Amino acid sequence: MTKIEFFFDPACPFSWITSRWLLQVSAERDIDVTWRQFSLALKNQALDKPSDDSGHAQAHLAAHRIHRVIRQASQVTGASTIDLYSEFGIRHHIMEKPFDDALIAAVLADKQLPAELIDAADDTSLDADLEAEIDSAVAAAGSDIGVPTIVFYSRDNQRLGYFGPVLNELPNLEESLAIWDGLEKLATVSHFYEIKRNRPGGPNVFSAAKC
């Protein structure tokens with residue numbers, strides 16, 4: 001079994017596509033995935049400056065409220081992090097719903113979770129745990145990362161983290177498995193650290209609608 005950690009932010013469409021790819025692959029390969037949170041709002045210090053030149057700050061701030069709810073729900077009720085991320089992602093990326101209180105309430109109701117968990121969205125005490133998640137990713141992959149980030153384990157149990165893989169749409173199953181099989185071999189070698197090319201286009205989140 002291959003043990004990995006996957007770091008996500010609900011706002012990132014590339015993170016969403018890669019997470020769907022990983023779910024597709026994990027149904028066919030022996031993979032133990034720990035789903036971990038990576039708040040881009042915290043990483044980019046957007047809580048202190050709610051606007052930036054990239055135009056992403058507001059989206060990251062909205063997603064940070066979702067992070068808090070997921071964190072609290074998982075800690076208090078034992079709810080599945082990946083199930084909550086998937087539910088929020090389907091409604092946001094596929095159904096094009098905004099990350100607002102109405103969406104949070106709908107997801108909590110769908111998952112039969114306490115309605116009062118919506119209060120976690122504005123609970124700043126949860127940010128310390130979310131900062132620790134970022135610190136864990138950075139410790140494995142370095143500070144120049146965002147999401148998606150995957151952490152593998154080397155043959156001597158060293159954590160080896162990588163930004164990516166970044167996919168602009170969900171591949172078919174054969175291609176998905178080929179990507180995984182190659183990545184798994186590369187990523188567990190401690191001397192390997194990067195492979196990159198120009199991005200061919202924007203994210204097609206609807207390609208992952210069925211996952």
# chains A, B, ... in the order shown; residues from 1 in each chain; ligands from 1

call {"tool": "residues_around", "arguments": {"residues": "stretch 199-205 of chain A", "least_positions_apart": "4", "cutoff": "7 Å", "atoms": "only C-alpha atoms", "output": "ChimeraX atom specification"}}
result
/A:13-14,17,93-94,168-169

call {"tool": "select_by_dssp", "arguments": {"residues": "chain A", "states": "alpha helix (DSSP H)", "output": "PyMOL selection string"}}
result
chain A and resi 13-26+40-43+57-77+81-89+101-110+127-141+173-187

call {"tool": "residues_around", "arguments": {"residues": "A:Asn44", "least_positions_apart": "2", "cutoff": "12 Å", "atoms": "only C-alpha atoms", "output": "PDB file with C-alpha atoms, in the first residue's frame"}}
result
ATOM      1  CA  PHE A  38      -4.437  23.906   3.052  1.00  0.00           C
ATOM      2  CA  SER A  39      -6.020  27.331   3.359  1.00  0.00           C
ATOM      3  CA  LEU A  40      -4.815  29.590   0.577  1.00  0.00           C
ATOM      4  CA  ALA A  41      -6.236  32.531   2.531  1.00  0.00           C
ATOM      5  CA  LEU A  42      -3.884  31.773   5.402  1.00  0.00           C
ATOM      6  CA  ALA A  46      -5.485  37.233   2.895  1.00  0.00           C
ATOM      7  CA  LEU A  47      -7.118  37.496   6.310  1.00  0.00           C
ATOM      8  CA  ASP A  48      -5.075  40.658   6.844  1.00  0.00           C
ATOM      9  CA  LYS A  49      -5.510  42.018   3.295  1.00  0.00           C
ATOM     10  CA  PRO A  50      -8.853  40.983   1.784  1.00  0.00           C
ATOM     11  CA  SER A  51      -7.855  42.077  -1.741  1.00  0.00           C
ATOM     12  CA  ASP A  52      -4.823  41.425  -3.913  1.00  0.00           C
ATOM     13  CA  ASP A  53      -3.543  41.916  -7.445  1.00  0.00           C
ATOM     14  CA  SER A  54      -4.487  38.379  -8.471  1.00  0.00           C
ATOM     15  CA  HIS A  56      -8.310  35.598  -5.807  1.00  0.00           C
ATOM     16  CA  ALA A  57      -8.378  36.960  -2.243  1.00  0.00           C
ATOM     17  CA  GLN A  58     -12.166  37.085  -1.896  1.00  0.00           C
ATOM     18  CA  HIS A  60      -9.872  32.327  -0.804  1.00  0.00           C
ATOM     19  CA  LEU A  61     -11.515  34.112   2.127  1.00  0.00           C
ATOM     20  CA  HIS A  64     -11.433  29.705   4.391  1.00  0.00           C
ATOM     21  CA  GLU A 131      -1.985  26.980  10.118  1.00  0.00           C
ATOM     22  CA  ILE A 134       0.053  24.420   6.123  1.00  0.00           C
ATOM     23  CA  SER A 143       7.396  27.169   1.123  1.00  0.00           C
ATOM     24  CA  ASP A 144       6.902  27.778  -2.621  1.00  0.00           C
ATOM     25  CA  ILE A 145       3.762  25.652  -2.900  1.00  0.00           C
ATOM     26  CA  GLY A 146       0.014  25.940  -3.110  1.00  0.00           C
TER      27      GLY A 146
END

call {"tool": "closest_residue", "arguments": {"among": "A:Asp123, A:Ala178, A:Phe192, A:Glu87", "to": "A:Asp110", "atoms": "only C-alpha atoms"}}
result
A:Glu87

call {"tool": "closest_residue", "arguments": {"among": "A:Gln158, A:Glu28, A:Cys12, A:Val76", "to": "A:Ala63", "atoms": "only C-alpha atoms"}}
result
A:Cys12

call {"tool": "residues_around", "arguments": {"residues": "A:Thr188", "least_positions_apart": "2", "cutoff": "8 Å", "atoms": "only C-alpha atoms", "output": "PyMOL selection string"}}
result
chain A and resi 152-155+160+184-186+190

call {"tool": "select_by_dssp", "arguments": {"residues": "stretch 25-176 of chain A", "states": "strand (DSSP E or B)", "output": "NGL selection string"}}
result
:A and (31-37 or 149-153 or 159-163)

call {"tool": "residues_around", "arguments": {"residues": "A:Ile104", "least_positions_apart": "4", "cutoff": "8 Å", "atoms": "only C-alpha atoms", "output": "list of chain:residue names"}}
result
A:Ile66, A:Phe88, A:Phe99, A:Asp100, A:Leu108, A:Ile118

call {"tool": "atom_distance", "arguments": {"atom1": "atom CA of A:Trp16", "atom2": "atom CA of A:Thr124"}}
result
24.9 Å

call {"tool": "atom_distance", "arguments": {"atom1": "atom CA of A:Asp83", "atom2": "atom CA of A:Phe7"}}
result
14.3 Å

call {"tool": "atom_distance", "arguments": {"atom1": "atom CA of A:Lys3", "atom2": "atom CA of A:Thr149"}}
result
14.1 Å

call {"tool": "residues_around", "arguments": {"residues": "A:Glu175", "least_positions_apart": "5", "cutoff": "12 Å", "atoms": "only C-alpha atoms", "output": "ChimeraX atom specification"}}
result
/A:21,24-25,167,169-170,180-182

call {"tool": "residues_around", "arguments": {"residues": "A:Thr77", "least_positions_apart": "5", "cutoff": "10 Å", "atoms": "only C-alpha atoms", "output": "mmCIF file with C-alpha atoms, in the first residue's frame"}}
result
data_model
loop_
_atom_site.group_PDB
_atom_site.id
_atom_site.type_symbol
_atom_site.label_atom_id
_atom_site.label_comp_id
_atom_site.auth_asym_id
_atom_site.auth_seq_id
_atom_site.Cartn_x
_atom_site.Cartn_y
_atom_site.Cartn_z
ATOM 1 C CA GLN A 72 -14.897 21.660 13.244
ATOM 2 C CA LEU A 113 -24.697 17.264 10.725
ATOM 3 C CA PRO A 114 -25.686 19.729 13.473
ATOM 4 C CA LEU A 117 -21.718 23.931 12.949
#

call {"tool": "closest_residue", "arguments": {"among": "A:Thr2, A:Pro10, A:Leu84, A:Arg197", "to": "A:Ala106", "atoms": "only C-alpha atoms"}}
result
A:Leu84

call {"tool": "decode", "arguments": {"residues": "stretch 108-154 of chain A", "atoms": "N, CA and C atoms", "output": "compact mmCIF listing (two decimals), in the first residue's frame"}}
result
# COMPACT_ATOMS: atom_id res chain seq x y z
N LEU A 108 -24.51 20.92 5.48
CA LEU A 108 -24.71 20.35 6.82
C LEU A 108 -25.99 19.53 6.88
N ALA A 109 -27.04 20.05 6.29
CA ALA A 109 -28.31 19.33 6.28
C ALA A 109 -28.21 18.04 5.48
N ASP A 110 -27.55 18.10 4.32
CA ASP A 110 -27.39 16.92 3.47
C ASP A 110 -26.61 15.83 4.18
N LYS A 111 -25.61 16.22 4.95
CA LYS A 111 -24.76 15.26 5.65
C LYS A 111 -25.29 14.93 7.04
N GLN A 112 -26.47 15.44 7.37
CA GLN A 112 -27.11 15.19 8.67
C GLN A 112 -26.20 15.56 9.83
N LEU A 113 -25.57 16.73 9.69
CA LEU A 113 -24.70 17.26 10.73
C LEU A 113 -25.41 18.40 11.46
N PRO A 114 -25.02 18.68 12.70
CA PRO A 114 -25.69 19.73 13.47
C PRO A 114 -25.66 21.08 12.75
N ALA A 115 -26.81 21.72 12.68
CA ALA A 115 -26.92 23.00 11.98
C ALA A 115 -26.04 24.07 12.60
N GLU A 116 -25.78 23.96 13.92
CA GLU A 116 -24.98 24.99 14.59
C GLU A 116 -23.51 24.96 14.19
N LEU A 117 -23.10 23.95 13.45
CA LEU A 117 -21.72 23.93 12.95
C LEU A 117 -21.44 25.10 12.00
N ILE A 118 -22.47 25.73 11.51
CA ILE A 118 -22.28 26.90 10.65
C ILE A 118 -21.55 28.02 11.41
N ASP A 119 -21.67 28.02 12.73
CA ASP A 119 -20.99 29.05 13.53
C ASP A 119 -19.47 28.95 13.42
N ALA A 120 -18.99 27.76 13.08
CA ALA A 120 -17.54 27.56 12.94
C ALA A 120 -16.95 28.38 11.81
N ALA A 121 -17.77 28.77 10.85
CA ALA A 121 -17.28 29.53 9.70
C ALA A 121 -16.58 30.81 10.11
N ASP A 122 -16.99 31.39 11.24
CA ASP A 122 -16.40 32.65 11.70
C ASP A 122 -15.63 32.48 13.01
N ASP A 123 -15.29 31.24 13.34
CA ASP A 123 -14.56 30.95 14.58
C ASP A 123 -13.05 30.99 14.31
N THR A 124 -12.42 32.10 14.67
CA THR A 124 -10.99 32.27 14.39
C THR A 124 -10.11 31.35 15.22
N SER A 125 -10.66 30.75 16.28
CA SER A 125 -9.84 29.84 17.10
C SER A 125 -9.44 28.59 16.33
N LEU A 126 -10.14 28.31 15.22
CA LEU A 126 -9.82 27.14 14.41
C LEU A 126 -8.62 27.39 13.50
N ASP A 127 -8.21 28.63 13.37
CA ASP A 127 -7.14 28.97 12.43
C ASP A 127 -5.78 28.41 12.84
N ALA A 128 -5.57 28.21 14.13
CA ALA A 128 -4.28 27.65 14.56
C ALA A 128 -4.09 26.25 14.01
N ASP A 129 -5.16 25.44 14.04
CA ASP A 129 -5.07 24.09 13.48
C ASP A 129 -4.85 24.14 11.97
N LEU A 130 -5.50 25.09 11.31
CA LEU A 130 -5.34 25.20 9.86
C LEU A 130 -3.95 25.70 9.49
N GLU A 131 -3.38 26.56 10.31
CA GLU A 131 -1.98 26.98 10.12
C GLU A 131 -1.05 25.79 10.27
N ALA A 132 -1.33 24.92 11.22
CA ALA A 132 -0.49 23.74 11.43
C ALA A 132 -0.54 22.81 10.22
N GLU A 133 -1.67 22.74 9.55
CA GLU A 133 -1.77 21.93 8.34
C GLU A 133 -0.83 22.48 7.25
N ILE A 134 -0.84 23.80 7.10
CA ILE A 134 0.05 24.42 6.12
C ILE A 134 1.51 24.15 6.49
N ASP A 135 1.83 24.29 7.75
CA ASP A 135 3.20 24.05 8.22
C ASP A 135 3.65 22.63 7.89
N SER A 136 2.73 21.67 8.02
CA SER A 136 3.06 20.28 7.72
C SER A 136 3.37 20.10 6.24
N ALA A 137 2.57 20.75 5.38
CA ALA A 137 2.82 20.66 3.94
C ALA A 137 4.13 21.31 3.56
N VAL A 138 4.39 22.49 4.14
CA VAL A 138 5.62 23.22 3.85
C VAL A 138 6.84 22.44 4.32
N ALA A 139 6.73 21.77 5.46
CA ALA A 139 7.84 20.97 5.98
C ALA A 139 8.23 19.86 5.02
N ALA A 140 7.26 19.36 4.26
CA ALA A 140 7.53 18.26 3.33
C ALA A 140 7.88 18.73 1.93
N ALA A 141 7.34 19.90 1.52
CA ALA A 141 7.47 20.32 0.12
C ALA A 141 8.15 21.66 -0.07
N GLY A 142 8.39 22.41 1.00
CA GLY A 142 8.98 23.74 0.87
C GLY A 142 7.91 24.82 0.85
N SER A 143 8.35 26.06 0.98
CA SER A 143 7.40 27.17 1.12
C SER A 143 6.77 27.62 -0.20
N ASP A 144 7.39 27.30 -1.32
CA ASP A 144 6.90 27.78 -2.62
C ASP A 144 5.88 26.81 -3.20
N ILE A 145 4.79 26.60 -2.46
CA ILE A 145 3.76 25.65 -2.90
C ILE A 145 2.37 26.25 -2.68
N GLY A 146 1.42 25.66 -3.34
CA GLY A 146 0.01 25.94 -3.11
C GLY A 146 -0.71 24.61 -3.12
N VAL A 147 -1.83 24.55 -3.81
CA VAL A 147 -2.54 23.29 -3.96
C VAL A 147 -2.85 23.07 -5.43
N PRO A 148 -2.91 21.79 -5.83
CA PRO A 148 -2.80 20.59 -5.01
C PRO A 148 -1.35 20.28 -4.62
N THR A 149 -1.19 19.75 -3.42
CA THR A 149 0.10 19.24 -2.98
C THR A 149 -0.09 17.82 -2.46
N ILE A 150 0.80 16.94 -2.87
CA ILE A 150 0.77 15.55 -2.41
C ILE A 150 2.08 15.23 -1.70
N VAL A 151 1.97 14.58 -0.56
CA VAL A 151 3.14 14.12 0.18
C VAL A 151 3.21 12.60 0.08
N PHE A 152 4.34 12.13 -0.43
CA PHE A 152 4.63 10.70 -0.49
C PHE A 152 5.62 10.36 0.63
N TYR A 153 5.91 9.08 0.76
CA TYR A 153 6.90 8.63 1.73
C TYR A 153 7.97 7.83 1.00
N SER A 154 9.22 8.17 1.26
CA SER A 154 10.33 7.48 0.62
C SER A 154 10.49 6.09 1.22
